[in-house]
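Data file: run37.tsv. Format and content: TSV, C-alpha atoms and all ligand atoms.
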```tsv
chain	number	residue	atom	x	y	z
A	1	MET	CA	-7.33	5.59	-40.38
A	2	ARG	CA	-5.48	4.49	-37.25
A	3	VAL	CA	-7.35	1.78	-35.36
A	4	VAL	CA	-6.24	0.41	-31.99
A	5	ILE	CA	-7.38	-3.03	-30.86
A	6	SER	CA	-6.91	-4.55	-27.39
A	7	ALA	CA	-5.05	-7.80	-28.02
A	8	THR	CA	-3.83	-10.95	-26.31
A	9	GLY	CA	-0.77	-11.20	-28.56
A	10	LYS	CA	1.43	-9.41	-31.08
A	11	ASP	CA	0.20	-11.08	-34.25
A	12	ILE	CA	-2.90	-10.52	-36.40
A	13	ASN	CA	-3.78	-14.17	-35.88
A	14	ASP	CA	-3.87	-13.68	-32.12
A	15	LEU	CA	-7.14	-13.12	-30.35
A	16	MET	CA	-8.61	-9.79	-29.44
A	17	ASP	CA	-8.77	-9.17	-25.67
A	18	VAL	CA	-12.21	-8.03	-24.55
A	19	ARG	CA	-10.63	-6.25	-21.60
A	20	PHE	CA	-9.45	-2.73	-22.31
A	21	GLY	CA	-7.50	-1.56	-19.24
A	22	ARG	CA	-6.02	-4.96	-18.47
A	23	CYS	CA	-5.22	-6.31	-21.94
A	24	ARG	CA	-1.63	-7.37	-22.63
A	25	TYR	CA	-1.08	-5.49	-25.90
A	26	PHE	CA	-2.50	-2.81	-28.12
A	27	GLN	CA	-2.19	-3.37	-31.85
A	28	ILE	CA	-2.36	-0.15	-33.83
A	29	HIS	CA	-3.44	-0.82	-37.41
A	30	ASP	CA	-3.20	1.71	-40.20
A	31	THR	CA	-6.12	0.61	-42.36
A	32	GLU	CA	-4.98	2.49	-45.47
A	33	ALA	CA	-1.36	1.42	-45.43
A	34	GLY	CA	-2.16	-2.08	-44.15
A	35	GLU	CA	0.62	-1.76	-41.56
A	36	PHE	CA	0.50	-2.24	-37.84
A	37	ARG	CA	2.60	-1.95	-34.75
A	38	VAL	CA	2.28	-3.31	-31.23
A	39	LEU	CA	2.49	-1.57	-27.87
A	40	GLU	CA	2.52	-3.09	-24.44
A	41	ASN	CA	-0.43	-1.81	-22.45
A	42	GLU	CA	0.82	0.52	-19.70
A	43	GLY	CA	-2.46	0.02	-17.88
A	44	GLN	CA	-1.98	-3.65	-17.03
A	45	LYS	CA	1.12	-2.75	-15.01
A	46	SER	CA	-0.62	-0.23	-12.82
A	47	GLY	CA	-2.27	-1.02	-9.51
A	48	GLY	CA	-5.28	1.22	-9.87
A	49	GLY	CA	-6.63	3.27	-12.71
A	50	ALA	CA	-5.67	0.76	-15.40
A	51	GLY	CA	-8.36	2.06	-17.74
A	52	ILE	CA	-7.11	5.63	-17.39
A	53	ALA	CA	-3.50	4.69	-18.04
A	54	ALA	CA	-4.51	2.63	-21.08
A	55	ALA	CA	-6.73	5.41	-22.43
A	56	GLN	CA	-3.99	8.00	-21.94
A	57	GLN	CA	-1.57	5.80	-23.84
A	58	ILE	CA	-3.78	5.41	-26.88
A	59	ILE	CA	-4.79	9.08	-26.83
A	60	ASP	CA	-1.09	9.97	-26.93
A	61	GLU	CA	-0.72	7.67	-29.95
A	62	GLY	CA	-3.24	9.82	-31.79
A	63	VAL	CA	-5.54	7.03	-32.94
A	64	ASP	CA	-8.95	7.58	-34.54
A	65	VAL	CA	-10.73	4.41	-33.44
A	66	VAL	CA	-10.52	1.93	-30.58
A	67	ILE	CA	-11.97	-1.58	-30.74
A	68	THR	CA	-12.37	-3.54	-27.52
A	69	GLY	CA	-14.94	-5.49	-25.47
A	70	SER	CA	-16.17	-2.65	-23.28
A	71	LEU	CA	-14.88	0.50	-21.61
A	72	GLY	CA	-15.08	1.41	-17.93
A	73	PRO	CA	-16.55	4.82	-17.05
A	74	ASN	CA	-13.22	6.66	-16.69
A	75	ALA	CA	-11.71	5.27	-19.87
A	76	PHE	CA	-14.93	5.91	-21.75
A	77	ASP	CA	-14.98	9.51	-20.55
A	78	LEU	CA	-11.39	10.14	-21.67
A	79	ILE	CA	-11.77	8.47	-25.05
A	80	ASN	CA	-14.98	10.33	-25.68
A	81	LYS	CA	-13.42	13.68	-24.75
A	82	ALA	CA	-10.46	12.93	-27.01
A	83	GLY	CA	-12.88	12.47	-29.92
A	84	ILE	CA	-11.87	8.85	-30.49
A	85	LYS	CA	-14.64	6.54	-31.68
A	86	ALA	CA	-15.02	3.27	-29.81
A	87	TYR	CA	-16.43	0.02	-31.21
A	88	LYS	CA	-17.42	-3.19	-29.52
A	89	CYS	CA	-16.32	-6.62	-30.61
A	90	ASN	CA	-16.29	-10.15	-29.21
A	91	GLU	CA	-13.24	-12.31	-28.76
A	92	MET	CA	-12.00	-13.32	-32.22
A	93	ARG	CA	-8.83	-13.15	-34.26
A	94	ILE	CA	-7.50	-9.63	-34.85
A	95	LYS	CA	-7.62	-9.96	-38.63
A	96	GLU	CA	-11.31	-10.89	-38.42
A	97	VAL	CA	-11.88	-7.88	-36.16
A	98	ILE	CA	-10.35	-5.61	-38.81
A	99	ASP	CA	-12.46	-7.14	-41.56
A	100	LYS	CA	-15.59	-6.65	-39.52
A	101	PHE	CA	-14.62	-3.06	-38.83
A	102	LYS	CA	-13.96	-2.35	-42.52
A	103	ASN	CA	-17.33	-3.86	-43.44
A	104	GLY	CA	-19.04	-1.62	-40.89
A	105	GLU	CA	-20.27	-4.61	-38.89
A	106	LEU	CA	-19.17	-3.39	-35.47
A	107	GLU	CA	-21.42	-1.64	-33.03
A	108	GLU	CA	-20.33	1.70	-31.58
A	109	ILE	CA	-19.80	1.91	-27.80
A	110	ASN	CA	-21.98	4.74	-26.59
A	111	MET	CA	-21.81	4.19	-22.87
A	112	ALA	CA	-19.48	2.86	-20.26
A	113	GLY	CA	-19.65	-0.74	-19.15
A	114	PRO	CA	-19.50	-1.73	-15.48
A	115	ALA	CA	-16.73	-0.11	-13.47
A	116	HIS	CA	-13.94	-2.34	-12.28
A	117	HIS	CA	-12.73	-1.74	-8.82
A	118	GLY	CA	-9.95	0.80	-8.86
A	119	MET	CA	-10.55	1.91	-12.44
B	1	MET	CA	-2.93	-0.80	24.86
B	2	ASN	CA	-4.59	-1.64	21.56
B	3	ILE	CA	-5.91	-5.16	21.05
B	4	ALA	CA	-6.57	-5.90	17.38
B	5	VAL	CA	-9.14	-8.53	16.46
B	6	LEU	CA	-8.66	-9.87	12.97
B	7	SER	CA	-9.69	-12.73	10.75
B	8	GLY	CA	-8.61	-14.11	7.42
B	9	LYS	CA	-11.87	-13.14	5.82
B	10	GLY	CA	-15.24	-11.67	6.69
B	11	GLY	CA	-17.95	-13.58	8.50
B	12	THR	CA	-15.79	-15.65	10.86
B	13	GLY	CA	-17.08	-14.02	14.00
B	14	LYS	CA	-14.63	-11.14	14.18
B	15	THR	CA	-17.29	-8.65	15.19
B	16	THR	CA	-18.80	-11.05	17.75
B	17	VAL	CA	-15.40	-11.48	19.38
B	18	SER	CA	-14.49	-7.80	19.33
B	19	THR	CA	-17.77	-6.45	20.67
B	20	ASN	CA	-18.01	-9.04	23.46
B	21	LEU	CA	-14.35	-8.69	24.30
B	22	SER	CA	-14.76	-4.91	24.68
B	23	ILE	CA	-17.55	-5.44	27.17
B	24	ALA	CA	-15.76	-8.22	29.06
B	25	LEU	CA	-12.57	-6.12	29.27
B	26	ASN	CA	-14.39	-2.86	29.89
B	27	ALA	CA	-12.42	-1.46	26.96
B	28	ASN	CA	-13.24	1.09	24.26
B	29	TYR	CA	-14.49	-0.42	21.02
B	30	VAL	CA	-13.07	0.84	17.71
B	31	ASP	CA	-14.50	-0.45	14.43
B	32	CYS	CA	-11.85	-0.13	11.71
B	33	ASP	CA	-13.72	-2.31	9.24
B	34	VAL	CA	-14.68	0.96	7.56
B	35	GLU	CA	-16.01	-0.61	4.36
B	36	GLU	CA	-18.56	-2.59	6.31
B	37	PRO	CA	-18.62	-1.58	9.97
B	38	ASN	CA	-21.20	-3.63	11.86
B	39	GLY	CA	-20.19	-3.62	15.52
B	40	PHE	CA	-22.68	-0.84	16.21
B	41	LEU	CA	-25.51	-3.20	15.22
B	42	PHE	CA	-24.76	-5.12	18.41
B	43	LEU	CA	-23.53	-2.31	20.66
B	44	LYS	CA	-26.37	0.04	19.63
B	45	PRO	CA	-24.69	3.18	20.97
B	46	ASN	CA	-26.03	6.71	21.15
B	47	ILE	CA	-24.04	8.61	18.57
B	48	GLU	CA	-22.70	11.73	20.26
B	49	ASP	CA	-20.24	13.07	17.76
B	50	VAL	CA	-19.64	12.79	14.01
B	51	LYS	CA	-16.49	14.01	12.28
B	52	GLU	CA	-16.01	14.09	8.54
B	53	VAL	CA	-12.86	12.67	6.97
B	54	GLU	CA	-11.51	14.78	4.14
B	55	GLU	CA	-8.92	14.15	1.50
B	56	GLU	CA	-7.15	16.62	-0.74
B	57	TYR	CA	-7.25	16.39	-4.50
B	58	PRO	CA	-5.82	18.65	-7.21
B	59	VAL	CA	-7.81	21.28	-9.03
B	60	ILE	CA	-6.21	22.63	-12.17
B	61	ASN	CA	-6.28	26.39	-12.54
B	62	LYS	CA	-7.16	26.72	-16.24
B	63	GLU	CA	-5.86	30.32	-16.43
B	64	LYS	CA	-2.37	29.24	-15.43
B	65	CYS	CA	-2.18	25.75	-16.97
B	66	VAL	CA	-0.31	25.53	-20.28
B	67	GLY	CA	-1.10	21.86	-20.86
B	68	CYS	CA	2.51	20.66	-20.65
B	69	GLY	CA	1.41	17.36	-19.10
B	70	MET	CA	4.19	17.22	-16.50
B	71	CYS	CA	1.65	16.63	-13.74
B	72	VAL	CA	0.21	13.61	-15.58
B	73	LYS	CA	3.68	12.09	-15.88
B	74	ALA	CA	4.39	12.73	-12.21
B	75	CYS	CA	1.26	10.99	-10.95
B	76	ASN	CA	1.91	7.37	-10.01
B	77	PHE	CA	-1.73	6.61	-9.42
B	78	ASN	CA	-3.30	7.40	-12.81
B	79	ALA	CA	-5.40	10.10	-11.18
B	80	LEU	CA	-4.60	12.61	-13.92
B	81	ALA	CA	-4.96	12.42	-17.69
B	82	LYS	CA	-4.36	14.82	-20.51
B	83	VAL	CA	-6.78	15.19	-23.40
B	84	LYS	CA	-6.25	17.93	-25.98
B	85	ASP	CA	-4.32	20.21	-23.60
B	86	ASN	CA	-6.91	19.77	-20.87
B	87	ILE	CA	-5.99	18.07	-17.63
B	88	LEU	CA	-8.66	15.76	-16.22
B	89	VAL	CA	-8.63	14.82	-12.55
B	90	PHE	CA	-9.97	11.47	-11.31
B	91	ASP	CA	-10.25	12.44	-7.67
B	92	LYS	CA	-11.10	8.96	-6.38
B	93	LEU	CA	-7.75	7.62	-7.52
B	94	CYS	CA	-5.77	10.50	-5.99
B	95	HIS	CA	-3.55	9.60	-3.02
B	96	SER	CA	-2.96	13.25	-2.10
B	97	CYS	CA	0.78	12.80	-2.57
B	98	GLY	CA	1.47	16.32	-3.81
B	99	ALA	CA	3.69	15.27	-6.73
B	100	CYS	CA	1.60	17.03	-9.37
B	101	GLN	CA	1.83	20.36	-7.57
B	102	TYR	CA	5.53	19.88	-7.00
B	103	VAL	CA	6.35	19.37	-10.69
B	104	CYS	CA	4.08	22.08	-12.13
B	105	LYS	CA	6.28	24.99	-13.13
B	106	PHE	CA	3.30	27.24	-13.70
B	107	GLY	CA	1.69	27.09	-10.28
B	108	ALA	CA	-1.46	25.74	-11.89
B	109	VAL	CA	-2.12	22.90	-9.44
B	110	GLU	CA	-4.20	23.87	-6.45
B	111	TYR	CA	-5.80	21.58	-3.92
B	112	ALA	CA	-9.34	21.28	-2.70
B	113	LYS	CA	-10.85	18.96	-0.12
B	114	ARG	CA	-13.61	16.45	-0.48
B	115	VAL	CA	-15.32	14.26	2.09
B	116	ILE	CA	-14.58	10.52	1.74
B	117	GLY	CA	-16.07	9.23	4.96
B	118	LYS	CA	-16.76	9.92	8.61
B	119	ILE	CA	-16.02	8.90	12.15
B	120	GLU	CA	-18.84	8.36	14.61
B	121	CYS	CA	-18.34	8.33	18.37
B	122	GLY	CA	-20.79	7.30	21.04
B	123	THR	CA	-21.37	5.42	24.28
B	124	SER	CA	-22.64	1.89	24.72
B	125	TYR	CA	-22.94	0.03	28.05
B	126	GLY	CA	-20.72	2.69	29.59
B	127	LEU	CA	-17.97	2.16	27.03
B	128	SER	CA	-16.69	4.68	24.55
B	129	VAL	CA	-17.26	3.30	21.05
B	130	LYS	CA	-16.12	4.59	17.67
B	131	GLN	CA	-16.53	3.54	14.08
B	132	GLY	CA	-15.13	4.74	10.78
B	133	ILE	CA	-17.34	4.72	7.70
B	134	LEU	CA	-15.99	4.94	4.17
B	135	ASN	CA	-18.49	6.48	1.77
B	136	ILE	CA	-19.94	4.09	-0.81
B	137	GLY	CA	-17.91	4.07	-4.02
B	138	GLU	CA	-14.74	5.45	-2.41
B	139	PRO	CA	-11.85	3.13	-3.18
B	140	MET	CA	-9.43	4.19	-0.44
B	141	ALA	CA	-10.08	3.22	3.15
B	142	VAL	CA	-6.67	3.96	4.65
B	143	PRO	CA	-7.20	7.71	5.31
B	144	VAL	CA	-10.37	6.93	7.30
B	145	ILE	CA	-8.63	4.15	9.24
B	146	LYS	CA	-5.66	6.38	10.05
B	147	LYS	CA	-7.79	9.25	11.23
B	148	LEU	CA	-9.84	6.89	13.39
B	149	LEU	CA	-6.79	5.26	14.97
B	150	ASN	CA	-5.05	8.59	15.53
B	151	SER	CA	-8.09	9.73	17.47
B	152	ILE	CA	-7.84	7.02	20.14
B	153	ASP	CA	-5.72	7.14	23.27
B	154	ARG	CA	-3.24	4.27	23.37
B	155	ASN	CA	-2.89	4.66	27.14
B	156	GLU	CA	-6.42	3.40	27.45
B	157	LEU	CA	-7.54	-0.13	26.72
B	158	ASN	CA	-8.98	-0.35	23.19
B	159	VAL	CA	-10.34	-3.28	21.24
B	160	ILE	CA	-9.91	-2.74	17.51
B	161	ASP	CA	-12.19	-4.55	15.09
B	162	CYS	CA	-9.92	-4.87	12.02
B	163	PRO	CA	-10.90	-4.94	8.36
B	164	PRO	CA	-11.14	-8.53	7.04
B	165	GLY	CA	-8.35	-10.22	5.13
B	166	THR	CA	-4.69	-9.28	5.01
B	167	SER	CA	-4.91	-6.17	2.83
B	168	CYS	CA	-3.15	-2.84	3.33
B	169	ASN	CA	-6.15	-1.80	5.42
B	170	VAL	CA	-5.26	-4.46	7.96
B	171	VAL	CA	-1.56	-3.60	7.78
B	172	ASN	CA	-2.36	0.00	8.61
B	173	THR	CA	-4.45	-1.12	11.55
B	174	LEU	CA	-1.79	-3.47	12.91
B	175	LYS	CA	0.73	-0.62	12.97
B	176	TYR	CA	-1.26	0.69	15.92
B	177	SER	CA	-1.69	-2.62	17.73
B	178	ASP	CA	0.00	-4.15	20.77
B	179	PHE	CA	-1.72	-7.51	20.75
B	180	ALA	CA	-3.62	-9.48	18.13
B	181	VAL	CA	-6.55	-11.86	18.48
B	182	LEU	CA	-6.95	-13.99	15.35
B	183	VAL	CA	-10.46	-15.32	14.85
B	184	THR	CA	-10.92	-18.39	12.70
B	185	GLU	CA	-13.19	-21.35	12.00
B	186	PRO	CA	-12.37	-25.07	11.99
B	187	SER	CA	-12.27	-25.61	8.22
B	188	ASN	CA	-9.60	-25.85	5.54
B	189	PHE	CA	-10.38	-22.33	4.40
B	190	GLY	CA	-10.21	-21.14	7.98
B	191	LEU	CA	-6.77	-22.70	8.42
B	192	HIS	CA	-5.51	-21.29	5.14
B	193	ASP	CA	-6.60	-17.77	6.07
B	194	LEU	CA	-5.30	-18.18	9.61
B	195	LYS	CA	-1.83	-19.03	8.32
B	196	LEU	CA	-1.79	-15.84	6.25
B	197	ALA	CA	-2.97	-13.80	9.22
B	198	ILE	CA	-0.30	-15.34	11.48
B	199	GLU	CA	2.39	-14.52	8.96
B	200	LEU	CA	1.20	-10.93	8.85
B	201	VAL	CA	0.99	-10.53	12.62
B	202	LYS	CA	4.44	-12.09	13.08
B	203	SER	CA	5.90	-9.44	10.79
B	204	PHE	CA	4.75	-6.85	13.34
B	205	ASN	CA	6.38	-8.74	16.16
B	206	ILE	CA	3.45	-8.43	18.55
B	207	PRO	CA	2.05	-11.15	20.82
B	208	PHE	CA	-1.03	-12.93	19.51
B	209	GLY	CA	-3.38	-15.84	20.07
B	210	VAL	CA	-6.22	-17.63	18.30
B	211	VAL	CA	-9.96	-17.79	18.93
B	212	ILE	CA	-11.86	-20.62	17.26
B	213	ASN	CA	-15.42	-19.77	16.33
B	214	LYS	CA	-18.06	-22.41	15.57
B	215	ASP	CA	-16.19	-24.94	17.65
B	216	ASN	CA	-17.95	-28.22	18.48
B	217	GLY	CA	-15.58	-29.10	21.31
B	218	GLU	CA	-13.81	-31.86	19.42
B	219	ASP	CA	-10.27	-31.85	18.11
B	220	ASN	CA	-9.89	-30.16	14.72
B	221	ILE	CA	-7.28	-28.95	12.20
B	222	ILE	CA	-6.97	-25.53	13.83
B	223	LYS	CA	-6.24	-27.03	17.25
B	224	LYS	CA	-3.73	-29.39	15.72
B	225	TYR	CA	-2.01	-26.58	13.83
B	226	CYS	CA	-1.81	-24.44	16.97
B	227	ARG	CA	-0.41	-27.35	18.99
B	228	ASP	CA	2.19	-28.14	16.35
B	229	ASN	CA	3.31	-24.54	16.12
B	230	SER	CA	3.02	-23.62	19.82
B	231	ILE	CA	0.36	-21.02	19.18
B	232	LYS	CA	-1.85	-20.12	22.11
B	233	ILE	CA	-5.57	-20.80	21.74
B	234	LEU	CA	-7.21	-18.01	23.70
B	235	GLY	CA	-10.73	-19.33	23.53
B	236	THR	CA	-13.40	-21.18	21.60
B	237	ILE	CA	-16.94	-20.13	20.78
B	238	PRO	CA	-19.44	-22.96	20.45
B	239	PHE	CA	-21.67	-23.47	17.49
B	240	ASN	CA	-25.16	-24.09	18.71
B	241	LYS	CA	-28.70	-22.95	18.28
B	242	LYS	CA	-28.61	-20.57	21.23
B	243	THR	CA	-25.52	-18.76	19.94
B	244	ALA	CA	-26.99	-18.40	16.47
B	245	GLU	CA	-30.29	-17.16	17.92
B	246	LEU	CA	-28.70	-14.46	20.07
B	247	TYR	CA	-26.51	-13.43	17.17
B	248	SER	CA	-29.36	-13.14	14.69
B	249	ARG	CA	-31.29	-10.97	17.16
B	250	GLY	CA	-28.27	-8.64	17.35
B	251	GLU	CA	-27.74	-9.40	21.03
B	252	ILE	CA	-24.53	-9.32	23.01
B	253	LEU	CA	-23.48	-12.87	23.93
B	254	TYR	CA	-21.73	-11.68	27.08
B	255	PHE	CA	-25.04	-10.82	28.73
B	256	ASP	CA	-26.21	-14.40	28.38
B	257	ASN	CA	-25.21	-16.64	31.29
B	258	GLN	CA	-24.28	-19.55	29.06
B	259	HIS	CA	-21.91	-17.39	27.06
B	260	LYS	CA	-20.45	-14.97	29.62
B	261	ASN	CA	-17.72	-17.36	30.80
B	262	ILE	CA	-16.43	-17.83	27.22
B	263	PHE	CA	-15.37	-14.22	27.10
B	264	ASP	CA	-14.22	-14.05	30.72
B	265	GLU	CA	-11.93	-16.93	29.91
B	266	LEU	CA	-10.76	-15.14	26.78
B	267	VAL	CA	-9.90	-12.09	28.89
B	268	ASN	CA	-7.99	-14.24	31.37
B	269	ASN	CA	-6.02	-15.90	28.62
B	270	ILE	CA	-5.14	-12.59	27.02
B	271	ARG	CA	-4.01	-11.28	30.42
B	272	GLU	CA	-1.93	-14.39	30.86
B	273	VAL	CA	-0.23	-13.97	27.50
B	274	LEU	CA	0.44	-10.34	28.23
B	275	SER	CA	1.23	-11.07	31.89
B	276	TRP	CA	-0.55	-8.03	33.08
B	277	ASN	CA	-1.22	-9.46	36.47
A	301	LIG	S1	2.08	20.57	-14.96
A	301	LIG	FE1	0.94	22.45	-14.56
A	301	LIG	S2	0.96	23.55	-16.48
A	301	LIG	FE2	1.60	21.49	-16.95
A	301	LIG	S3	-0.31	20.45	-17.52
A	301	LIG	FE3	-0.04	20.12	-15.34
A	301	LIG	S4	-1.17	21.75	-14.37
A	301	LIG	FE4	-0.90	22.36	-16.50
A	302	LIG	S1	-1.69	14.49	-5.55
A	302	LIG	FE1	-0.44	12.76	-6.23
A	302	LIG	S2	-1.93	11.14	-6.55
A	302	LIG	FE2	-3.09	13.03	-6.49
A	302	LIG	S3	-3.23	13.64	-8.60
A	302	LIG	FE3	-1.44	14.69	-7.76
A	302	LIG	S4	0.26	13.32	-8.26
A	302	LIG	FE4	-1.61	12.12	-8.52
```

Just give me the structure as structure tokens.
Ligand code: SF4
Ligand code: SF4
Amino acid sequence: MRVVISATGKDINDLMDVRFGRCRYFQIHDTEAGEFRVLENEGQKSGGGAGIAAAQQIIDEGVDVVITGSLGPNAFDLINKAGIKAYKCNEMRIKEVIDKFKNGELEEINMAGPAHHGM
Amino acid sequence: MNIAVLSGKGGTGKTTVSTNLSIALNANYVDCDVEEPNGFLFLKPNIEDVKEVEEEYPVINKEKCVGCGMCVKACNFNALAKVKDNILVFDKLCHSCGACQYVCKFGAVEYAKRVIGKIECGTSYGLSVKQGILNIGEPMAVPVIKKLLNSIDRNELNVIDCPPGTSCNVVNTLKYSDFAVLVTEPSNFGLHDLKLAIELVKSFNIPFGVVINKDNGEDNIIKKYCRDNSIKILGTIPFNKKTAELYSRGEILYFDNQHKNIFDELVNNIREVLSWN
């Protein structure tokens, strides 16, 4: 399964970023192969619509799951329509996030969080 | 002649200065603070005309669209997204630039219009007054501001109540201005914001001056800054119980004898700077 996590850094010991549209990096982890790669978030560079740009980027990567703090309404809508499952997690190290996900300890995001201006 | 009244941030007396200045100058009043217009609370005009402001946004013709995604790539504003060969439009982010239609080789991008705000016109104390209103939740004020400013006659005398701050909304308003009145307060924040506003106004190369609100008559950092930089102080508005009382009742200060001369003096100083006489 391909899992994308919003991240503050490029390493599995770096912290997860609870922001989706404005996080620095996305780490895409292949849970079966135990491999991962890192993308810079296109969203953080954009003036408005950061959540949309970020969602488009991970949809294009063909992931199955996204783990982040919360999703704005537009990003939530896109991710939902793309059939990607979203899970909520607090700020902690990426490798702990993955463990929690594997153990089924994360809560699914079923609705959008508050909109950020210009999302 | 368009006189823009601006301030570094909201709540520094910008509306007080612009409404009273309109009356003292016998000029039209134009409220460009479209996200929070409040001049009409004081001017209390009869609204005689309302015009809607519309913006175009793309509508994807599903029959023609092949899901190539070129339109999504062309959009610089993240207003389009592609999910499973479907194109989704986020109309509130659209800047109506036309790029998506231009790049679509299949003629699948059409445009529709939606209402984002309105312009209200009326009369108050014999003056023609206008305000733009951006609908709640709409992120883009500039189209409303532009339509409002294009509707006024620059050969007449107009006082323009600008949006607060130094954002692109203010920049778009200053493009139409011939003179700027910068309203500030004697505090460190006031001075900080004033400096930003001065920088902005200077980039437009138009004459300007400063009005100090909540002034207690003593020397202060704003006066010192203006002296040191040869900036004209056009007027000062006192900070006392009477002023606050009239303000909170939504009354026009100019009609109060104790306050009338403040704005007459302001008018004289503006005339002097512009050398109209
Ligand atoms: S460019 Fe035209 S055909 Fe291609 S996805 Fe967009 S609307 Fe559809
Ligand atoms: S008109 Fe411009 S801003 Fe609007 S969706 Fe098309 S490309 Fe994006």

Pick out the residues sitting within 9 Å of range 17-33 of chain A, and hand them over as JSON, numbers by chain; count only C-alpha atoms, and ignore anything fewer than 4 positions along from it in its own chain. {"A": [1, 2, 3, 4, 5, 6, 7, 8, 9, 10, 11, 12, 37, 38, 39, 40, 41, 42, 43, 44, 45, 49, 50, 51, 52, 53, 54, 55, 58, 61, 63, 67, 68, 69, 70, 71, 72, 75, 88, 89, 90, 91, 92, 94, 98, 102, 119]}

To check your reading of the model: which residues sit at most 6 Å from ligand LIG 301 (chain A) when counting only C-alpha atoms and all ligand atoms? Write the answer as a PyMOL selection string. chain B and resi 60+65-71+104+106+108-109

Determine, using all atoms listed in the file, which residues of chain B have any atom at most 10 Å from an atom of ligand LIG 302 (chain A), and tabulate each with its shortest atom pair and distance in Å to one decimal place, rows ordered by chain and then rising number, as CSV.
```
residue,atom,partner,partner_atom,distance
B:Glu55,CA,A:LIG302,FE2,10.0
B:Glu56,CA,A:LIG302,S1,7.6
B:Tyr57,CA,A:LIG302,FE2,5.7
B:Pro58,CA,A:LIG302,S3,5.8
B:Val59,CA,A:LIG302,S3,8.9
B:Met70,CA,A:LIG302,S4,9.9
B:Cys71,CA,A:LIG302,S4,6.6
B:Val72,CA,A:LIG302,S4,7.3
B:Lys73,CA,A:LIG302,S4,8.4
B:Ala74,CA,A:LIG302,S4,5.7
B:Cys75,CA,A:LIG302,S4,3.7
B:Asn76,CA,A:LIG302,FE4,6.1
B:Phe77,CA,A:LIG302,S2,5.4
B:Asn78,CA,A:LIG302,FE4,6.6
B:Ala79,CA,A:LIG302,S3,4.9
B:Leu80,CA,A:LIG302,S3,5.6
B:Ala81,CA,A:LIG302,S3,9.3
B:Leu88,CA,A:LIG302,S3,9.6
B:Val89,CA,A:LIG302,S3,6.8
B:Phe90,CA,A:LIG302,S3,7.6
B:Asp91,CA,A:LIG302,S3,7.2
B:Lys92,CA,A:LIG302,FE2,9.0
B:Leu93,CA,A:LIG302,S2,6.9
B:Cys94,CA,A:LIG302,FE2,3.7
B:His95,CA,A:LIG302,S2,4.2
B:Ser96,CA,A:LIG302,S1,3.9
B:Cys97,CA,A:LIG302,FE1,3.9
B:Gly98,CA,A:LIG302,S1,4.0
B:Ala99,CA,A:LIG302,S4,4.2
B:Cys100,CA,A:LIG302,S4,4.1
B:Gln101,CA,A:LIG302,FE3,6.5
B:Tyr102,CA,A:LIG302,S4,8.5
B:Val103,CA,A:LIG302,S4,8.9
B:Val109,CA,A:LIG302,FE3,8.4
B:Glu110,CA,A:LIG302,FE3,9.7
B:Tyr111,CA,A:LIG302,S1,8.4
```

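Considering only C-alpha atoms, the residue among B:Leu148, B:Val159, B:Leu266, B:Leu134 positioned nearest to Gly39 in chain B is B:Val159.
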
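For the set A:Met111, A:Val66, A:Ile84, A:Asp14, the residue with the smallest atom-to-atom gap to chain B is A:Ile84, counting only C-alpha atoms.
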
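For the choices B:Glu63, B:Glu138, B:Glu218, B:Glu120, the atom-to-atom distance to chain A is smallest for B:Glu138 when using only C-alpha atoms.
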
If I take CA of Asp178 in chain B and CA of Ala4 in chain B, how far is one from the other in Å, to one decimal? 7.6 Å

CA of Ser187 in chain B and CA of Asp228 in chain B are how many Å apart? 16.8 Å

Give the centre and edge lengths of an axis-aligned box, in Å to one decimal, that holds all listed atoms of range 92-102 of chain A with 5 Å on each side, as AutoDock Vina command-line options.
```
--center_x -11.5 --center_y -7.8 --center_z -37.4 --size_x 18.1 --size_y 21.0 --size_z 20.3
```

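Taking all atoms listed in the file into account, the protein, DNA and RNA residues within 12 Å of (0.6, -12.5, 26.6) read Ile3, Asp178, Phe179, Ala180, Val181, Ile206, Pro207, Phe208, Gly209, Val210, Ile231, Lys232, Ile233, Leu234, Leu266, Val267, Asn268, Asn269, Ile270, Arg271, Glu272, Val273, Leu274, Ser275, Trp276 and Asn277 of chain B.
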
note - CA of Asn135 in chain B and CA of Thr16 in chain B are separated by 23.7 Å

For chain A against chain B, which residues fall within 8 Å using only C-alpha atoms, given as a CSV table (one decimal) with C-alpha atoms, keeping the file's coordinate frame?
```
chain,number,residue,atom,x,y,z
A,46,SER,CA,-0.6,-0.2,-12.8
A,47,GLY,CA,-2.3,-1.0,-9.5
A,48,GLY,CA,-5.3,1.2,-9.9
A,49,GLY,CA,-6.6,3.3,-12.7
A,50,ALA,CA,-5.7,0.8,-15.4
A,52,ILE,CA,-7.1,5.6,-17.4
A,53,ALA,CA,-3.5,4.7,-18.0
A,56,GLN,CA,-4.0,8.0,-21.9
A,59,ILE,CA,-4.8,9.1,-26.8
A,74,ASN,CA,-13.2,6.7,-16.7
A,78,LEU,CA,-11.4,10.1,-21.7
A,81,LYS,CA,-13.4,13.7,-24.8
A,82,ALA,CA,-10.5,12.9,-27.0
A,117,HIS,CA,-12.7,-1.7,-8.8
A,118,GLY,CA,-10.0,0.8,-8.9
```

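Counting only C-alpha atoms, the residue from B:Lys260, B:Lys202, B:Arg114, B:Lys214 that sits nearest to Leu25 in chain B is B:Lys260.
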
Around the point (-9.0, -10.0, 11.8), in the coordinates given by the file, pick out the residues reaching within 9 Å, counting all atoms listed in the file, and return them as a list of chain:residue names. B:Ala4, B:Val5, B:Leu6, B:Ser7, B:Gly8, B:Lys9, B:Gly10, B:Thr12, B:Lys14, B:Asp161, B:Cys162, B:Pro163, B:Pro164, B:Gly165, B:Thr166, B:Val170, B:Ala180, B:Val181, B:Leu182, B:Val183, B:Thr184, B:Ala197
